[in-house]
$ cat query.txt   # compact mmCIF, C-alpha atoms
# COMPACT_ATOMS: atom_id res chain seq x y z
CA MET A 22 110.27 47.16 127.05
CA VAL A 23 108.73 45.97 123.77
CA ALA A 24 108.43 42.19 123.53
CA PHE A 25 108.50 42.13 119.71
CA SER A 26 111.53 42.52 117.45
CA LYS A 27 109.95 42.58 113.99
CA ILE A 28 106.91 44.85 113.82
CA VAL A 29 104.89 45.26 110.63
CA ILE A 30 102.25 47.98 110.35
CA ALA A 31 99.65 47.51 107.62
CA GLY A 32 98.53 51.00 106.63
CA GLY A 33 100.43 54.24 106.10
CA GLY A 34 97.80 56.65 107.39
CA ILE A 35 97.65 58.64 110.60
CA ILE A 36 97.21 55.59 112.87
CA GLY A 37 99.99 53.56 111.28
CA ASN A 38 102.26 56.59 111.29
CA SER A 39 101.48 57.35 114.93
CA VAL A 40 102.32 53.79 116.00
CA SER A 41 105.58 53.93 114.05
CA TYR A 42 106.44 57.40 115.39
CA TYR A 43 105.96 56.60 119.06
CA LEU A 44 107.86 53.33 118.72
CA ALA A 45 110.65 55.27 116.99
CA LYS A 46 110.84 57.52 120.04
CA LEU A 47 111.78 54.31 121.89
CA ASN A 48 114.37 53.53 119.18
CA ILE A 49 112.24 50.69 117.82
CA ALA A 50 112.10 50.30 114.04
CA THR A 51 108.97 49.25 112.18
CA THR A 52 108.06 48.26 108.64
CA VAL A 53 105.05 50.10 107.24
CA ILE A 54 103.26 48.49 104.28
CA ASP A 55 100.83 50.53 102.21
CA PRO A 56 99.56 50.14 98.62
CA ILE A 57 100.20 53.83 97.83
CA GLY A 58 102.49 55.39 100.42
CA ILE A 59 102.29 57.72 103.38
CA ALA A 60 98.82 59.17 104.07
CA PRO A 61 97.39 58.68 100.56
CA ALA A 62 93.71 58.81 101.56
CA ALA A 63 91.72 60.57 104.31
CA SER A 64 94.75 60.82 106.61
CA GLY A 65 96.36 63.21 104.15
CA LYS A 66 93.23 64.98 102.94
CA ALA A 67 91.27 65.64 106.12
CA GLY A 68 90.63 69.07 107.60
CA GLY A 69 92.97 68.71 110.56
CA PHE A 70 90.53 70.38 112.97
CA LEU A 71 91.19 69.66 116.67
CA ALA A 72 88.79 70.26 119.58
CA ARG A 73 89.77 69.29 123.10
CA ASP A 74 86.47 69.16 124.96
CA TRP A 75 83.73 68.38 122.45
CA SER A 76 83.39 64.79 123.71
CA ASP A 77 83.52 65.59 127.42
CA GLY A 78 81.08 63.43 129.35
CA SER A 79 81.21 60.64 126.77
CA PRO A 80 83.31 57.44 126.83
CA ILE A 81 85.79 58.94 124.35
CA GLY A 82 86.15 62.24 126.21
CA PRO A 83 89.49 61.38 127.88
CA LEU A 84 90.83 60.01 124.59
CA GLN A 85 89.96 63.22 122.74
CA GLN A 86 91.62 65.34 125.42
CA ARG A 87 94.73 63.16 125.26
CA SER A 88 94.79 63.42 121.46
CA PHE A 89 94.54 67.22 121.59
CA ASP A 90 97.42 67.41 124.07
CA LEU A 91 99.56 65.01 122.03
CA HIS A 92 99.12 67.14 118.92
CA ALA A 93 100.43 70.13 120.87
CA GLN A 94 103.41 68.03 121.99
CA GLN A 95 104.04 66.93 118.41
CA ALA A 96 104.10 70.59 117.34
CA ASP A 97 106.83 71.20 119.92
CA ASP A 98 108.80 68.11 118.90
CA LEU A 99 108.42 68.30 115.11
CA GLY A 100 108.12 72.08 114.73
CA ALA A 101 104.74 73.78 114.51
CA GLU A 102 105.77 75.41 111.23
CA ASN A 103 106.51 72.00 109.69
CA ILE A 104 103.02 70.63 110.35
CA ASP A 105 101.03 73.91 110.15
CA TYR A 106 99.93 73.61 113.77
CA ARG A 107 98.28 76.60 115.37
CA ARG A 108 95.51 77.54 117.80
CA LEU A 109 92.20 78.89 116.49
CA VAL A 110 88.78 80.02 117.61
CA CYS A 111 85.66 78.30 116.35
CA MET A 112 82.23 79.81 115.70
CA ALA A 113 78.84 78.36 114.89
CA VAL A 114 77.14 80.66 112.38
CA GLY A 115 73.50 80.56 111.36
CA CYS A 116 72.54 81.58 107.82
CA ASP A 117 69.28 82.71 106.26
CA GLU A 118 68.50 80.15 103.55
CA ARG A 119 65.43 82.13 102.48
CA ALA A 120 67.57 84.99 101.21
CA ALA A 121 68.44 85.19 97.55
CA ALA A 122 71.36 83.02 96.56
CA VAL A 123 72.97 86.01 94.88
CA ALA A 124 72.63 88.31 97.87
CA LYS A 125 75.36 90.89 98.16
CA PRO A 126 77.39 91.48 101.34
CA SER A 127 75.92 94.08 103.63
CA GLY A 128 79.28 95.79 104.07
CA LYS A 129 79.19 95.10 107.80
CA LYS A 130 80.09 91.71 109.16
CA LEU A 131 78.36 90.26 112.19
CA GLU A 132 80.35 91.31 115.24
CA GLY A 133 82.72 88.55 116.31
CA VAL A 134 82.52 86.73 112.97
CA GLU A 135 85.72 87.09 111.02
CA TRP A 136 84.65 86.73 107.43
CA ALA A 137 81.09 85.39 106.86
CA ASP A 138 79.17 88.42 105.55
CA ILE A 139 76.22 87.21 103.44
CA ASN A 140 72.83 86.19 104.88
CA VAL A 141 74.31 85.71 108.35
CA LEU A 142 71.71 85.63 111.14
CA GLY A 143 73.68 84.94 114.30
CA LYS A 144 76.66 83.23 115.85
CA ASN A 145 77.74 81.25 118.87
CA MET A 146 81.24 80.66 120.20
CA MET A 147 82.15 76.97 120.10
CA GLY A 148 85.67 77.23 121.46
CA GLY A 149 88.68 79.48 121.92
CA THR A 150 92.39 79.02 121.49
CA ASP A 151 92.60 77.04 124.74
CA THR A 152 90.50 74.21 123.29
CA ILE A 153 90.65 74.61 119.48
CA ALA A 154 93.62 73.98 117.19
CA GLN A 155 94.46 72.69 113.74
CA VAL A 156 97.17 70.78 111.95
CA HIS A 157 97.86 69.92 108.30
CA PRO A 158 97.25 66.13 108.27
CA LYS A 159 99.54 65.31 105.33
CA LYS A 160 102.39 67.43 106.67
CA LEU A 161 101.97 65.83 110.11
CA CYS A 162 102.11 62.31 108.67
CA ASP A 163 105.16 63.17 106.55
CA ALA A 164 106.96 64.72 109.52
CA MET A 165 106.24 61.73 111.77
CA TRP A 166 107.39 59.33 109.08
CA LYS A 167 110.60 61.29 108.52
CA TYR A 168 111.32 61.04 112.24
CA SER A 169 110.65 57.27 112.23
CA GLN A 170 113.03 56.76 109.32
CA GLU A 171 115.83 58.97 110.58
CA ASN A 172 115.72 58.05 114.27
CA ALA A 173 114.85 54.37 114.23
CA GLY A 174 115.52 53.16 110.68
CA SER A 175 111.88 52.36 109.94
CA LYS A 176 111.11 51.52 106.34
CA LEU A 177 108.19 51.79 103.95
CA ILE A 178 107.19 49.03 101.54
CA ILE A 179 104.77 49.89 98.75
CA GLY A 180 102.59 46.83 98.50
CA LYS A 181 99.33 45.20 99.46
CA VAL A 182 99.03 42.61 102.21
CA VAL A 183 96.88 39.65 101.11
CA GLU A 184 97.61 37.10 103.83
CA ALA A 185 98.80 36.90 107.41
CA ILE A 186 101.10 33.97 108.07
CA VAL A 187 99.89 32.48 111.33
CA ASP A 188 101.11 29.52 113.41
CA ASP A 189 98.74 26.88 114.76
CA ASP A 190 98.75 28.65 118.12
CA GLY A 191 97.66 31.93 116.52
CA SER A 192 101.08 33.60 116.65
CA ILE A 193 101.87 35.87 113.72
CA ARG A 194 104.96 34.93 111.73
CA GLY A 195 104.75 37.23 108.75
CA VAL A 196 102.65 38.67 105.95
CA LYS A 197 102.35 37.78 102.29
CA LEU A 198 102.07 40.58 99.74
CA GLU A 199 100.15 40.69 96.47
CA ASP A 200 103.37 40.27 94.49
CA GLY A 201 104.07 36.95 96.25
CA SER A 202 106.82 38.23 98.54
CA THR A 203 106.72 37.67 102.29
CA ILE A 204 107.80 39.88 105.19
CA GLU A 205 108.70 38.25 108.49
CA CYS A 206 107.21 39.71 111.66
CA ASP A 207 106.28 38.73 115.18
CA ALA A 208 103.77 41.57 115.57
CA LEU A 209 101.26 42.88 113.02
CA VAL A 210 99.43 46.16 113.55
CA ILE A 211 96.33 46.58 111.38
CA ALA A 212 95.92 50.30 110.70
CA CYS A 213 93.71 50.22 107.64
CA GLY A 214 90.97 52.60 108.76
CA PRO A 215 87.74 52.15 106.77
CA TRP A 216 89.40 49.32 104.81
CA THR A 217 89.68 47.19 107.97
CA ASP A 218 86.87 44.84 106.89
CA ALA A 219 89.01 43.63 103.98
CA THR A 220 91.72 42.46 106.40
CA LYS A 221 89.47 39.73 107.80
CA SER A 222 90.31 37.61 104.75
CA TRP A 223 94.01 37.67 105.69
CA PHE A 224 93.41 35.34 108.62
CA PRO A 225 91.87 31.97 109.36
CA PRO A 226 88.11 32.38 110.02
CA GLU A 227 88.42 31.97 113.79
CA ILE A 228 90.77 34.97 113.90
CA GLY A 229 89.22 37.03 111.11
CA ARG A 230 85.83 37.10 112.78
CA THR A 231 87.36 38.81 115.84
CA ILE A 232 88.35 41.88 113.79
CA PRO A 233 85.80 44.66 114.41
CA HIS A 234 83.40 45.65 111.65
CA MET A 235 84.45 49.02 110.21
CA MET A 236 82.57 51.49 108.02
CA GLY A 237 83.51 54.82 106.53
CA VAL A 238 81.76 58.14 105.92
CA LYS A 239 82.88 59.91 102.76
CA TYR A 240 83.23 63.69 102.72
CA HIS A 241 84.22 65.87 99.79
CA SER A 242 86.34 68.95 100.37
CA ILE A 243 87.65 71.94 98.46
CA LEU A 244 90.43 74.48 99.01
CA ILE A 245 89.76 78.16 98.34
CA GLN A 246 92.50 80.77 98.56
CA SER A 247 91.61 83.71 100.78
CA PRO A 248 93.04 87.20 100.20
CA ARG A 249 94.31 87.12 103.78
CA VAL A 250 95.11 84.55 106.44
CA LEU A 251 92.00 83.76 108.48
CA ASN A 252 92.00 82.59 112.08
CA GLU A 253 88.45 81.41 112.69
CA ALA A 254 86.99 77.99 111.96
CA VAL A 255 83.28 78.14 111.19
CA PHE A 256 80.53 75.53 111.40
CA PHE A 257 77.59 76.83 109.39
CA SER A 258 73.93 76.05 110.01
CA GLY A 259 72.18 76.39 106.69
CA HIS A 260 73.10 75.94 103.02
CA GLY A 261 74.02 72.31 103.69
CA ASP A 262 75.92 72.99 106.94
CA PRO A 263 79.42 73.35 105.46
CA GLU A 264 82.47 73.46 107.75
CA VAL A 265 85.33 75.85 107.05
CA TYR A 266 88.85 75.46 108.42
CA PRO A 267 91.22 78.27 107.41
CA ARG A 268 94.89 77.34 107.11
CA PRO A 269 97.95 79.48 107.89
CA ASP A 270 99.00 79.57 104.21
CA GLY A 271 95.77 81.39 103.28
CA ASP A 272 93.87 78.34 102.07
CA ALA A 273 90.38 77.75 103.42
CA TYR A 274 89.53 74.05 103.67
CA ILE A 275 85.79 73.58 103.16
CA THR A 276 83.92 70.33 103.63
CA GLY A 277 80.38 69.04 104.01
CA PHE A 278 77.56 66.98 102.47
CA PRO A 279 78.71 63.61 103.87
CA ASP A 280 77.61 60.31 102.35
CA PRO A 281 75.92 57.65 104.51
CA ALA A 282 78.24 55.25 106.34
CA VAL A 283 79.20 52.28 104.16
CA VAL A 284 81.77 49.52 103.93
CA VAL A 285 84.40 51.24 101.80
CA THR A 286 85.23 49.57 98.49
CA GLU A 287 87.09 52.41 96.74
CA SER A 288 90.83 51.80 96.64
CA PRO A 289 93.09 54.05 98.74
CA GLY A 290 94.31 56.97 96.66
CA LYS A 291 91.76 56.23 93.94
CA GLU A 292 88.62 57.61 95.52
CA GLU A 293 85.90 58.93 93.23
CA VAL A 294 85.44 62.71 93.29
CA ARG A 295 81.89 63.63 92.33
CA PRO A 296 81.76 67.03 90.54
CA GLU A 297 78.20 67.74 91.67
CA VAL A 298 79.23 67.61 95.34
CA VAL A 299 82.20 69.88 94.68
CA SER A 300 79.84 72.33 92.99
CA ARG A 301 77.53 72.26 96.01
CA LEU A 302 80.45 73.14 98.30
CA VAL A 303 81.49 76.04 96.06
CA ASP A 304 77.91 77.28 95.86
CA ALA A 305 77.42 77.06 99.63
CA THR A 306 80.61 79.07 100.19
CA LYS A 307 79.51 81.82 97.83
CA LYS A 308 76.23 82.12 99.71
CA VAL A 309 77.88 82.99 103.02
CA SER A 310 81.06 84.91 102.19
CA SER A 311 82.26 87.46 99.66
CA LEU A 312 85.92 86.54 100.19
$ encode --input "query.txt" --output "structure tokens"
Amino acid sequence: MVAFSKIVIAGGGIIGNSVSYYLAKLNIATTVIDPIGIAPAASGKAGGFLARDWSDGSPIGPLQQRSFDLHAQQADDLGAENIDYRRLVCMAVGCDERAAAVAKPSGKKLEGVEWADINVLGKNMMGGTDTIAQVHPKKLCDAMWKYSQENAGSKLIIGKVVEAIVDDDGSIRGVKLEDGSTIECDALVIACGPWTDATKSWFPPEIGRTIPHMMGVKYHSILIQSPRVLNEAVFFSGHGDPEVYPRPDGDAYITGFPDPAVVVTESPGKEEVRPEVVSRLVDATKKVSSL
């Protein structure tokens, strides 16, 4: 039984949506507050790649296994076709960076590699359909939010929290938004991802300093349409180590060249896209595949 009656979730990304969704399954409504809407930043633009056992033996191993299994359950509950959930295989592929950038495909792909056909040296299986899957992050967030609205009456407020209203004993009583309005609550969930550091200023110093320090790593990504639906995720070694996640609609999601970890200052939904990094991703793709 939940001890709170008025729950506010600050952040409309995957974490905020997940909290709202699983509370909705208990018929508990929540209020989600986000400056842009549902999954406007990384939660809606990520690759959606899922691996069950890549953290085995580490402290987060059980959490990753649980997450993988929950995504499979969500596909059953929400409809795999609605969130583009499917199982995949994943390969590590080594490339010859010494070869000419304009090398032509050999006409014969490396055995076991679905589509990489230029300057490919070797491959290694990283996982099969029992441990590898994918989901479309934006479609997943939208589907979870639709469930929360329809089954529990949860609501979304477009706004920016600037202050937490706290009693002398530390109990939360509400939040104040940038427009001056206030929302009552007796529980506040901070789900702001790499913007978590900014939430420290919402609270008195003795509370704000207890909020963990959070940094973010920025990745660029591109979508390239393939002439056919691919079923193999690829982690390349060489040409900048791009990662390729094919989607069931024929799109190939390609990412790489991460920035160093920083405290994020770009506003959600207004992130800078640097053309030179996009060009590097396109160039790297052309160097490994003729598709």
$ residues_near_point --input "query.txt" --point "(76.7, 84.6, 100.1)" --cutoff "6 Å" --atoms "only C-alpha atoms" --output "CSV table (one decimal) with C-alpha atoms, in the coordinates of the input"
chain,number,residue,atom,x,y,z
A,124,ALA,CA,72.6,88.3,97.9
A,139,ILE,CA,76.2,87.2,103.4
A,307,LYS,CA,79.5,81.8,97.8
A,308,LYS,CA,76.2,82.1,99.7
A,309,VAL,CA,77.9,83.0,103.0
A,310,SER,CA,81.1,84.9,102.2
$ residues_around --input "query.txt" --residues "segment 207-220 of chain A" --least-positions-apart "6" --cutoff "9 Å" --atoms "only C-alpha atoms" --output "JSON, numbers by chain"
{"A": [25, 26, 27, 28, 29, 30, 31, 32, 33, 34, 35, 36, 37, 38, 40, 55, 182, 183, 184, 185, 192, 193, 194, 195, 196, 229, 232, 233, 234, 235, 236, 237, 238, 283, 284, 285, 286, 287, 288, 289]}
$ closest_residue --input "query.txt" --among "A:Gly261, A:Gly58, A:Pro281, A:Gly201" --to "Lys159 of chain A" --atoms "only C-alpha atoms"
A:Gly58
$ atom_distance --input "query.txt" --atom1 "atom CA of Gly149 of chain A" --atom2 "atom CA of Met165 of chain A"
27.0 Å
$ atom_distance --input "query.txt" --atom1 "atom CA of Gln85 of chain A" --atom2 "atom CA of Glu102 of chain A"
23.0 Å
$ closest_atom_pairs --input "query.txt" --of "segment 186-277 of chain A" --to "segment 293-299 of chain A" --cutoff "12 Å" --atoms "all atoms listed in the file" --output "CSV"
residue,atom,partner,partner_atom,distance
A:Lys239,CA,A:Glu293,CA,10.0
A:Tyr240,CA,A:Val298,CA,9.3
A:His241,CA,A:Val299,CA,6.8
A:Ser242,CA,A:Val299,CA,7.1
A:Ile243,CA,A:Val299,CA,6.9
A:Leu244,CA,A:Val299,CA,10.4
A:Ile245,CA,A:Val299,CA,11.8
A:Gly261,CA,A:Val298,CA,10.9
A:Pro263,CA,A:Val298,CA,11.6
A:Ile275,CA,A:Val299,CA,9.9
A:Thr276,CA,A:Val299,CA,9.1
A:Gly277,CA,A:Val298,CA,8.9
